[in-house]
$ cat coords12.txt   # compact mmCIF, C-alpha atoms
# COMPACT_ATOMS: atom_id res chain seq x y z
CA MET A 1 38.83 -37.13 150.99
CA SER A 2 40.80 -34.06 152.15
CA ASN A 3 38.91 -30.89 153.01
CA MET A 4 39.60 -29.32 149.63
CA LEU A 5 39.53 -30.92 146.18
CA THR A 6 41.08 -29.99 142.86
CA ILE A 7 38.76 -29.90 139.84
CA GLY A 8 40.32 -33.22 138.67
CA GLN A 9 39.65 -34.89 142.03
CA LEU A 10 36.10 -33.55 142.05
CA ALA A 11 35.50 -34.85 138.52
CA ASP A 12 36.82 -38.31 139.47
CA TYR A 13 34.75 -38.39 142.63
CA ALA A 14 31.48 -37.48 140.91
CA GLY A 15 32.17 -39.51 137.78
CA VAL A 16 31.98 -36.59 135.34
CA THR A 17 34.50 -34.88 133.06
CA ILE A 18 36.34 -31.67 133.93
CA LYS A 19 34.69 -30.20 130.82
CA ALA A 20 31.25 -30.98 132.28
CA ILE A 21 32.14 -29.22 135.55
CA ARG A 22 33.25 -26.12 133.60
CA HIS A 23 29.97 -26.27 131.63
CA TYR A 24 27.98 -26.42 134.89
CA HIS A 25 29.92 -23.37 136.10
CA GLU A 26 29.04 -21.47 132.89
CA ARG A 27 25.36 -22.39 133.23
CA GLY A 28 25.32 -21.22 136.85
CA LEU A 29 24.47 -24.69 138.17
CA LEU A 30 27.59 -25.15 140.27
CA ALA A 31 29.09 -22.27 142.15
CA GLU A 32 32.57 -21.44 140.94
CA PRO A 33 34.97 -21.35 143.91
CA VAL A 34 37.59 -18.67 144.35
CA ARG A 35 41.14 -19.66 143.44
CA ASP A 36 43.73 -20.35 146.12
CA SER A 37 47.12 -18.63 146.39
CA SER A 38 48.51 -20.98 143.74
CA GLY A 39 45.76 -19.98 141.30
CA TYR A 40 43.84 -23.28 141.54
CA ARG A 41 40.13 -23.65 142.19
CA ARG A 42 39.52 -25.65 145.38
CA TYR A 43 36.24 -27.49 145.92
CA THR A 44 34.52 -28.52 149.14
CA ALA A 45 32.42 -31.53 150.13
CA LYS A 46 29.30 -29.40 149.49
CA ASP A 47 30.46 -28.84 145.88
CA ALA A 48 30.85 -32.62 145.52
CA ILE A 49 27.32 -33.21 146.85
CA ASP A 50 25.85 -30.54 144.53
CA LEU A 51 27.72 -32.02 141.57
CA VAL A 52 26.36 -35.52 142.30
CA LYS A 53 22.82 -34.04 142.41
CA ILE A 54 23.37 -32.23 139.08
CA ARG A 55 24.87 -35.33 137.45
CA THR A 56 22.02 -37.57 138.66
CA LEU A 57 19.33 -35.21 137.37
CA ALA A 58 21.16 -34.66 134.05
CA ASN A 59 21.54 -38.44 133.57
CA ALA A 60 17.80 -38.79 134.16
CA GLY A 61 17.23 -36.51 131.18
CA VAL A 62 16.31 -33.34 133.06
CA PRO A 63 17.21 -30.25 131.00
CA LEU A 64 20.02 -28.19 132.58
CA ALA A 65 17.80 -25.09 132.75
CA ARG A 66 15.34 -27.02 134.91
CA ILE A 67 18.07 -28.53 137.11
CA LYS A 68 19.00 -25.04 138.31
CA ASP A 69 15.41 -24.41 139.47
CA LEU A 70 15.24 -27.80 141.17
CA LEU A 71 18.46 -27.27 143.12
CA ASP A 72 17.04 -24.02 144.46
CA ALA A 73 13.55 -25.47 145.08
CA ASP A 74 12.04 -26.08 148.51
CA PRO A 75 11.90 -29.72 149.67
CA ASP A 76 8.23 -30.26 148.67
CA ALA A 77 8.73 -28.89 145.17
CA LEU A 78 11.87 -31.00 144.77
CA THR A 79 10.03 -34.15 145.95
CA ALA A 80 7.20 -33.54 143.46
CA ALA A 81 9.61 -32.86 140.61
CA ILE A 82 11.63 -36.00 141.36
CA ALA A 83 8.43 -38.09 141.41
CA GLU A 84 7.58 -36.71 137.95
CA ILE A 85 11.12 -37.40 136.66
CA ASP A 86 10.92 -40.94 138.06
CA HIS A 87 7.58 -41.47 136.27
CA ASN A 88 9.13 -40.27 132.99
CA LEU A 89 12.05 -42.66 133.50
CA GLN A 90 9.62 -45.56 134.05
CA ASP A 91 7.94 -44.65 130.74
CA ARG A 92 11.31 -44.62 128.98
CA ILE A 93 12.23 -48.00 130.49
CA ALA A 94 8.90 -49.47 129.33
CA GLN A 95 9.46 -48.06 125.83
CA LEU A 96 12.98 -49.52 125.71
CA ARG A 97 11.62 -52.91 126.84
CA ARG A 98 9.02 -52.80 124.03
CA THR A 99 11.78 -51.92 121.55
CA ARG A 100 13.88 -54.86 122.79
CA ASP A 101 10.88 -57.19 122.40
CA GLN A 102 10.38 -55.95 118.84
CA LEU A 103 14.08 -56.51 118.09
CA ALA A 104 13.86 -60.05 119.47
CA GLN A 105 10.89 -60.69 117.18
CA LEU A 106 12.74 -59.27 114.19
CA ARG A 107 15.63 -61.62 114.94
CA GLY A 108 13.07 -64.39 114.54
CA GLY A 109 12.85 -63.22 110.92
CA ASP A 110 10.30 -65.02 108.77
CA ARG A 111 8.94 -67.07 111.66
CA LEU A 112 7.16 -64.02 113.03
CA PHE A 113 5.06 -63.71 109.86
CA VAL A 114 4.58 -67.18 108.38
CA SER A 115 3.90 -70.73 109.56
CA PRO A 116 6.86 -72.88 110.68
CA GLU A 117 6.41 -74.98 107.50
CA VAL A 118 6.73 -71.92 105.27
CA ALA A 119 9.69 -70.61 107.30
CA ASP A 120 11.45 -73.98 106.88
CA TYR A 121 10.77 -73.84 103.13
CA LEU A 122 12.22 -70.31 102.91
CA ASP A 123 15.33 -71.57 104.73
CA VAL A 124 15.64 -74.32 102.09
CA LEU A 125 15.44 -71.68 99.33
CA ARG A 126 18.28 -69.70 100.92
CA GLU A 127 20.40 -72.83 101.29
CA LEU A 128 19.85 -73.58 97.58
CA GLY A 129 21.17 -70.11 96.70
CA VAL A 130 17.85 -68.55 95.69
CA SER A 131 18.14 -64.74 95.55
CA GLU A 132 16.99 -62.72 98.55
CA ARG A 133 14.65 -60.84 96.19
CA GLN A 134 12.89 -64.09 95.24
CA THR A 135 12.85 -65.34 98.83
CA HIS A 136 11.14 -62.09 99.90
CA LEU A 137 8.66 -62.42 97.05
CA GLU A 138 7.84 -65.95 98.18
CA ARG A 139 7.52 -64.92 101.81
CA ASP A 140 5.19 -62.02 101.00
CA GLY A 141 3.08 -64.28 98.78
CA TRP A 142 2.78 -66.85 101.58
CA ILE A 143 1.78 -64.13 104.08
CA LEU A 144 -1.08 -63.12 101.77
CA MET A 145 -2.11 -66.71 101.02
CA GLN A 146 -2.07 -67.80 104.67
CA THR A 147 -4.28 -64.85 105.51
CA ALA A 148 -6.73 -65.62 102.69
CA SER A 149 -6.92 -69.36 103.21
CA PRO A 150 -4.80 -71.15 105.81
CA GLU A 151 -6.16 -74.54 104.60
CA ASP A 152 -5.07 -73.96 101.00
CA ALA A 153 -1.74 -72.50 102.09
CA ALA A 154 -1.02 -75.58 104.23
CA LEU A 155 -1.66 -77.87 101.24
CA TRP A 156 0.39 -75.74 98.86
CA ILE A 157 3.39 -75.48 101.16
CA ALA A 158 3.44 -79.26 101.68
CA GLU A 159 3.47 -79.71 97.90
CA LYS A 160 6.06 -76.98 97.33
CA ARG A 161 8.42 -78.51 99.89
CA GLU A 162 8.00 -81.88 98.17
CA LEU A 163 8.71 -80.31 94.76
CA MET A 164 11.95 -78.84 96.06
CA THR A 165 13.24 -82.38 96.65
CA ASP A 166 13.03 -82.97 92.86
CA PRO A 167 16.44 -82.07 91.31
CA GLU A 168 14.88 -81.08 87.97
CA PHE A 169 12.33 -78.79 89.61
CA ARG A 170 15.07 -77.20 91.73
CA ALA A 171 17.17 -76.56 88.62
CA LEU A 172 14.19 -74.94 86.84
CA TYR A 173 13.41 -72.84 89.91
CA LEU A 174 16.99 -71.56 90.21
CA GLU A 175 17.24 -70.82 86.48
CA THR A 176 13.91 -68.95 86.54
CA ASP A 177 15.17 -66.94 89.52
CA ALA A 178 18.36 -66.06 87.58
CA ALA A 179 16.31 -65.22 84.45
CA TYR A 180 14.71 -62.28 86.29
CA ASP A 181 17.71 -60.14 85.28
CA TRP A 182 18.09 -61.46 81.72
CA SER A 183 17.24 -59.44 78.62
CA PRO A 184 13.76 -60.31 77.28
CA ASP A 185 15.56 -61.26 74.03
CA ASP A 186 17.87 -63.74 75.77
CA PRO A 187 18.00 -66.96 73.70
CA ARG A 188 17.92 -69.02 76.90
CA LEU A 189 14.32 -67.97 77.62
CA PRO A 190 12.53 -70.13 74.96
CA ALA A 191 14.50 -73.18 76.09
CA LEU A 192 13.65 -72.49 79.75
CA ALA A 193 9.98 -72.06 78.81
CA ASP A 194 9.97 -75.40 76.97
CA ARG A 195 11.65 -77.27 79.82
CA THR A 196 9.30 -75.74 82.36
CA ARG A 197 6.20 -76.51 80.31
CA ASN A 198 7.37 -80.10 79.75
CA TRP A 199 8.05 -80.56 83.43
CA PHE A 200 4.56 -79.36 84.43
CA THR A 201 2.97 -81.54 81.70
CA ASN A 202 4.60 -84.59 83.29
CA HIS A 203 3.89 -83.59 86.90
CA HIS A 204 0.22 -82.95 87.65
CA SER A 205 -0.07 -80.64 90.62
CA ARG A 206 -2.51 -81.76 93.26
CA SER A 207 -3.25 -78.25 94.52
CA GLU A 208 -3.61 -76.51 91.16
CA THR A 209 -7.03 -78.09 90.65
CA ARG A 210 -8.33 -76.66 93.94
CA PRO A 211 -10.11 -73.32 93.69
CA ILE A 212 -8.58 -70.46 95.65
CA HIS A 213 -11.12 -69.54 98.30
CA ASN A 214 -10.50 -65.85 97.93
CA PRO A 215 -9.91 -64.85 94.29
CA ALA A 216 -9.20 -61.22 95.27
CA ILE A 217 -6.25 -62.34 97.38
CA ALA A 218 -5.07 -64.61 94.57
CA ARG A 219 -5.01 -61.59 92.24
CA LEU A 220 -3.28 -59.56 94.93
CA VAL A 221 -0.54 -62.19 95.23
CA ALA A 222 -0.13 -62.25 91.46
CA GLN A 223 -0.22 -58.52 90.81
CA SER A 224 0.65 -56.36 93.77
CA GLN A 225 4.11 -57.44 94.86
CA PRO A 226 6.92 -55.09 93.85
CA GLY A 227 9.51 -57.07 91.93
CA ALA A 228 6.95 -59.77 91.12
CA SER A 229 7.88 -59.47 87.47
CA SER A 230 10.54 -58.21 85.09
CA PRO A 231 10.75 -57.85 81.28
CA ALA A 232 12.40 -61.29 81.03
CA TRP A 233 9.79 -62.90 83.29
CA ASP A 234 6.96 -61.30 81.29
CA ARG A 235 8.52 -62.75 78.13
CA LEU A 236 8.90 -66.15 79.82
CA ALA A 237 5.18 -66.10 80.74
CA GLN A 238 4.26 -65.37 77.11
CA LEU A 239 6.47 -68.21 75.88
CA MET A 240 4.94 -70.60 78.42
CA LYS A 241 1.46 -69.83 77.07
CA GLY A 242 2.68 -70.26 73.51
$ encode --input "coords12.txt" --output "structure tokens"
Amino acid sequence: MSNMLTIGQLADYAGVTIKAIRHYHERGLLAEPVRDSSGYRRYTAKDAIDLVKIRTLANAGVPLARIKDLLDADPDALTAAIAEIDHNLQDRIAQLRRTRDQLAQLRGGDRLFVSPEVADYLDVLRELGVSERQTHLERDGWILMQTASPEDAALWIAEKRELMTDPEFRALYLETDAAYDWSPDDPRLPALADRTRNWFTNHHSRSETRPIHNPAIARLVAQSQPGASSPAWDRLAQLMKG
């Protein structure tokens, strides 16, 4: 490094932009050198050292107004301030680590919230082409049921996964999912209701006869989920009772 540096050389050396150096001049952080006979500013090694100090503090998140005070501070005050800045950086690093952990959990998707058996079942639904709306409804219902009664939920999910291996049940499930968006007057609804009713008449559910341990949660599952019904689904429920 020659004795004197141009602003471009200084910027390269310190790893900052020329614009940043000019900004530090304006804020009074870095002394502005006099121009040489050619009209160029020439910087010294001391300017380079000061600029590295400014850049390091700025990168650590220290406000520029405070950097000026720190550069002028006595050694003890500077040491104390740097210890405080280091402590704040440690807090930020810990927060970023927590955020990364949360992101990793979110990438785990359903498996963070439901049992592996339920998560596998939800994957099957997606593979079958079930809507994301319905998959979310199912997942939320399983979260509530697992919380209310893990024993019942374990029995129900085993039965549900078995049902999904039945081609007729799968077809009914997919058509019911699609019917969510139909008009309540759609002529396909009575036929779907009949087929569904007939299917359930011929397939006695093992778990349906078991009482739900927590009726409040059962009502919550049935009533409180947004998107848990639509005009067509309400009509389908009426037809099924009929």
$ atom_distance --input "coords12.txt" --atom1 "atom CA of A:Glu159" --atom2 "atom CA of A:Val114"
16.4 Å
$ residues_around --input "coords12.txt" --residues "A:Ala81" --least-positions-apart "4" --cutoff "8 Å" --atoms "all atoms listed in the file" --output "VMD selection string"
chain A and resid 70 77 85
$ write_last_selection --input "coords12.txt" --atoms "C-alpha atoms" --output "compact mmCIF listing (two decimals), in the coordinates of the input"
# COMPACT_ATOMS: atom_id res chain seq x y z
CA LEU A 70 15.24 -27.80 141.17
CA ALA A 77 8.73 -28.89 145.17
CA ILE A 85 11.12 -37.40 136.66
$ atom_distance --input "coords12.txt" --atom1 "atom CA of A:Ala73" --atom2 "atom CA of A:Ala45"
20.5 Å
$ residues_around --input "coords12.txt" --residues "stretch 160-165 of chain A" --least-positions-apart "4" --cutoff "9 Å" --atoms "all atoms listed in the file" --output "VMD selection string"
chain A and resid 117 to 118 120 to 121 124 to 125 155 to 156 169 to 170 173
$ residues_around --input "coords12.txt" --residues "A:His136" --least-positions-apart "2" --cutoff "12 Å" --atoms "only C-alpha atoms" --output "JSON, numbers by chain"
{"A": [109, 110, 113, 114, 119, 122, 123, 125, 126, 130, 131, 132, 133, 134, 138, 139, 140, 141, 142, 143, 225, 226, 227, 228]}
$ atom_distance --input "coords12.txt" --atom1 "atom CA of A:Gln9" --atom2 "atom CA of A:Asp86"
29.6 Å
$ axis_aligned_box --input "coords12.txt" --around "stretch 70-82 of chain A" --padding-each-side "8 Å" --output "JSON"
{"center_x": 12.8, "center_y": -30.0, "center_z": 145.1, "size_x": 27.3, "size_y": 28.0, "size_z": 25.1}
$ closest_residue --input "coords12.txt" --among "A:Asn3, A:Ser37, A:Asn88, A:Asn59" --to "A:Val16" --atoms "only C-alpha atoms"
A:Asn59
$ closest_residue --input "coords12.txt" --among "A:Asp36, A:Thr201, A:Leu128, A:Asp101" --to "A:Leu174" --atoms "only C-alpha atoms"
A:Leu128
$ residues_around --input "coords12.txt" --residues "A:Arg188" --least-positions-apart "4" --cutoff "10 Å" --atoms "all atoms listed in the file" --output "VMD selection string"
chain A and resid 175 179 182 to 184 192 to 193 236
$ closest_residue --input "coords12.txt" --among "A:Pro167, A:Pro33, A:Pro150, A:Gly15" --to "A:Val52" --atoms "only C-alpha atoms"
A:Gly15
$ residues_around --input "coords12.txt" --residues "A:Asn198" --least-positions-apart "6" --cutoff "12 Å" --atoms "all atoms listed in the file" --output "list in words"
Glu168, Phe169, Leu172, Ala191, Leu192, His204 and Met240 of chain A
$ residues_near_point --input "coords12.txt" --point "(34.7, -29.9, 144.9)" --cutoff "10 Å" --atoms "all atoms listed in the file" --output "list in words"
Asn3, Met4, Leu5, Thr6, Ile7, Gly8, Gln9, Leu10, Ala11, Tyr13, Ala14, Ile21, Leu30, Ala31, Glu32, Pro33, Arg41, Arg42, Tyr43, Thr44, Ala45, Lys46, Asp47, Ala48, Ile49, Asp50 and Leu51 of chain A
$ closest_residue --input "coords12.txt" --among "A:Gly28, A:Val34, A:Arg98, A:Leu103" --to "A:Arg66" --atoms "only C-alpha atoms"
A:Gly28
$ closest_residue --input "coords12.txt" --among "A:Asp72, A:His203, A:Arg197, A:Thr147" --to "A:Ala237" --atoms "only C-alpha atoms"
A:Arg197
$ decode --input "coords12.txt" --residues "stretch 156-169 of chain A" --atoms "all heavy atoms" --output "mmCIF file, in the first residue's frame"
data_model
loop_
_atom_site.group_PDB
_atom_site.id
_atom_site.type_symbol
_atom_site.label_atom_id
_atom_site.label_comp_id
_atom_site.auth_asym_id
_atom_site.auth_seq_id
_atom_site.Cartn_x
_atom_site.Cartn_y
_atom_site.Cartn_z
ATOM 1 N N TRP A 156 -59.112 -44.396 15.133
ATOM 2 C CA TRP A 156 -59.770 -43.794 13.968
ATOM 3 C C TRP A 156 -58.828 -43.685 12.783
ATOM 4 O O TRP A 156 -59.223 -43.929 11.652
ATOM 5 C CB TRP A 156 -60.315 -42.407 14.328
ATOM 6 C CG TRP A 156 -61.493 -42.440 15.241
ATOM 7 C CD1 TRP A 156 -62.441 -43.414 15.335
ATOM 8 C CD2 TRP A 156 -61.845 -41.447 16.203
ATOM 9 N NE1 TRP A 156 -63.366 -43.090 16.305
ATOM 10 C CE2 TRP A 156 -63.022 -41.887 16.847
ATOM 11 C CE3 TRP A 156 -61.283 -40.230 16.582
ATOM 12 C CZ2 TRP A 156 -63.655 -41.157 17.854
ATOM 13 C CZ3 TRP A 156 -61.907 -39.495 17.586
ATOM 14 C CH2 TRP A 156 -63.085 -39.962 18.215
ATOM 15 N N ILE A 157 -57.563 -43.300 13.065
ATOM 16 C CA ILE A 157 -56.653 -43.103 11.929
ATOM 17 C C ILE A 157 -56.316 -44.449 11.287
ATOM 18 O O ILE A 157 -56.189 -44.549 10.060
ATOM 19 C CB ILE A 157 -55.363 -42.325 12.324
ATOM 20 C CG1 ILE A 157 -54.607 -41.870 11.068
ATOM 21 C CG2 ILE A 157 -54.453 -43.126 13.226
ATOM 22 C CD1 ILE A 157 -55.382 -40.964 10.145
ATOM 23 N N ALA A 158 -56.224 -45.505 12.095
ATOM 24 C CA ALA A 158 -55.966 -46.841 11.528
ATOM 25 C C ALA A 158 -57.117 -47.231 10.598
ATOM 26 O O ALA A 158 -56.904 -47.743 9.489
ATOM 27 C CB ALA A 158 -55.809 -47.857 12.651
ATOM 28 N N GLU A 159 -58.358 -46.949 11.046
ATOM 29 C CA GLU A 159 -59.519 -47.285 10.221
ATOM 30 C C GLU A 159 -59.583 -46.414 8.971
ATOM 31 O O GLU A 159 -59.856 -46.897 7.874
ATOM 32 C CB GLU A 159 -60.806 -47.113 11.037
ATOM 33 C CG GLU A 159 -62.038 -47.495 10.246
ATOM 34 C CD GLU A 159 -63.298 -47.566 11.101
ATOM 35 O OE1 GLU A 159 -63.184 -47.831 12.297
ATOM 36 O OE2 GLU A 159 -64.379 -47.324 10.539
ATOM 37 N N LYS A 160 -59.289 -45.124 9.122
ATOM 38 C CA LYS A 160 -59.365 -44.202 7.987
ATOM 39 C C LYS A 160 -58.345 -44.595 6.914
ATOM 40 O O LYS A 160 -58.625 -44.550 5.721
ATOM 41 C CB LYS A 160 -59.110 -42.768 8.487
ATOM 42 C CG LYS A 160 -59.701 -41.669 7.624
ATOM 43 C CD LYS A 160 -61.189 -41.499 7.836
ATOM 44 C CE LYS A 160 -61.790 -40.465 6.908
ATOM 45 N NZ LYS A 160 -61.587 -39.088 7.320
ATOM 46 N N ARG A 161 -57.151 -44.981 7.355
ATOM 47 C CA ARG A 161 -56.112 -45.372 6.386
ATOM 48 C C ARG A 161 -56.532 -46.653 5.656
ATOM 49 O O ARG A 161 -56.260 -46.820 4.466
ATOM 50 C CB ARG A 161 -54.772 -45.565 7.092
ATOM 51 C CG ARG A 161 -54.179 -44.233 7.563
ATOM 52 C CD ARG A 161 -52.873 -44.401 8.265
ATOM 53 N NE ARG A 161 -51.820 -44.798 7.326
ATOM 54 C CZ ARG A 161 -50.574 -45.073 7.704
ATOM 55 N NH1 ARG A 161 -50.229 -45.000 8.962
ATOM 56 N NH2 ARG A 161 -49.674 -45.423 6.801
ATOM 57 N N GLU A 162 -57.205 -47.544 6.388
ATOM 58 C CA GLU A 162 -57.713 -48.773 5.769
ATOM 59 C C GLU A 162 -58.809 -48.439 4.748
ATOM 60 O O GLU A 162 -58.837 -48.981 3.645
ATOM 61 C CB GLU A 162 -58.267 -49.680 6.872
ATOM 62 C CG GLU A 162 -58.516 -51.110 6.439
ATOM 63 C CD GLU A 162 -59.097 -51.941 7.586
ATOM 64 O OE1 GLU A 162 -58.526 -51.889 8.707
ATOM 65 O OE2 GLU A 162 -60.120 -52.591 7.347
ATOM 66 N N LEU A 163 -59.703 -47.517 5.121
ATOM 67 C CA LEU A 163 -60.793 -47.115 4.220
ATOM 68 C C LEU A 163 -60.254 -46.565 2.909
ATOM 69 O O LEU A 163 -60.820 -46.802 1.842
ATOM 70 C CB LEU A 163 -61.673 -46.040 4.889
ATOM 71 C CG LEU A 163 -62.588 -46.485 6.024
ATOM 72 C CD1 LEU A 163 -63.306 -45.274 6.622
ATOM 73 C CD2 LEU A 163 -63.604 -47.511 5.534
ATOM 74 N N MET A 164 -59.153 -45.819 3.004
ATOM 75 C CA MET A 164 -58.604 -45.188 1.805
ATOM 76 C C MET A 164 -58.039 -46.202 0.813
ATOM 77 O O MET A 164 -57.715 -45.856 -0.311
ATOM 78 C CB MET A 164 -57.524 -44.170 2.186
ATOM 79 C CG MET A 164 -58.093 -42.819 2.568
ATOM 80 S SD MET A 164 -58.958 -42.033 1.192
ATOM 81 C CE MET A 164 -59.798 -40.711 2.061
ATOM 82 N N THR A 165 -57.925 -47.472 1.249
ATOM 83 C CA THR A 165 -57.469 -48.502 0.303
ATOM 84 C C THR A 165 -58.645 -49.054 -0.510
ATOM 85 O O THR A 165 -58.443 -49.791 -1.472
ATOM 86 C CB THR A 165 -56.769 -49.675 1.049
ATOM 87 O OG1 THR A 165 -57.733 -50.301 1.909
ATOM 88 C CG2 THR A 165 -55.589 -49.181 1.863
ATOM 89 N N ASP A 166 -59.885 -48.673 -0.098
ATOM 90 C CA ASP A 166 -61.097 -49.125 -0.806
ATOM 91 C C ASP A 166 -61.379 -48.167 -1.966
ATOM 92 O O ASP A 166 -61.648 -46.981 -1.745
ATOM 93 C CB ASP A 166 -62.268 -49.134 0.187
ATOM 94 C CG ASP A 166 -63.580 -49.590 -0.443
ATOM 95 O OD1 ASP A 166 -63.887 -49.146 -1.581
ATOM 96 O OD2 ASP A 166 -64.307 -50.352 0.204
ATOM 97 N N PRO A 167 -61.335 -48.634 -3.216
ATOM 98 C CA PRO A 167 -61.518 -47.735 -4.370
ATOM 99 C C PRO A 167 -62.849 -46.983 -4.331
ATOM 100 O O PRO A 167 -62.901 -45.808 -4.692
ATOM 101 C CB PRO A 167 -61.455 -48.669 -5.577
ATOM 102 C CG PRO A 167 -60.778 -49.911 -5.092
ATOM 103 C CD PRO A 167 -61.088 -50.022 -3.631
ATOM 104 N N GLU A 168 -63.916 -47.643 -3.870
ATOM 105 C CA GLU A 168 -65.227 -46.986 -3.849
ATOM 106 C C GLU A 168 -65.246 -45.857 -2.821
ATOM 107 O O GLU A 168 -65.766 -44.768 -3.082
ATOM 108 C CB GLU A 168 -66.327 -48.015 -3.536
ATOM 109 C CG GLU A 168 -67.724 -47.492 -3.874
ATOM 110 C CD GLU A 168 -68.826 -48.497 -3.518
ATOM 111 O OE1 GLU A 168 -68.515 -49.674 -3.254
ATOM 112 O OE2 GLU A 168 -69.987 -48.059 -3.497
ATOM 113 N N PHE A 169 -64.658 -46.126 -1.647
ATOM 114 C CA PHE A 169 -64.595 -45.089 -0.616
ATOM 115 C C PHE A 169 -63.770 -43.897 -1.105
ATOM 116 O O PHE A 169 -64.147 -42.744 -0.926
ATOM 117 C CB PHE A 169 -64.006 -45.641 0.692
ATOM 118 C CG PHE A 169 -63.972 -44.632 1.804
ATOM 119 C CD1 PHE A 169 -65.082 -44.412 2.608
ATOM 120 C CD2 PHE A 169 -62.828 -43.860 2.033
ATOM 121 C CE1 PHE A 169 -65.063 -43.460 3.626
ATOM 122 C CE2 PHE A 169 -62.802 -42.906 3.044
ATOM 123 C CZ PHE A 169 -63.922 -42.710 3.838
#
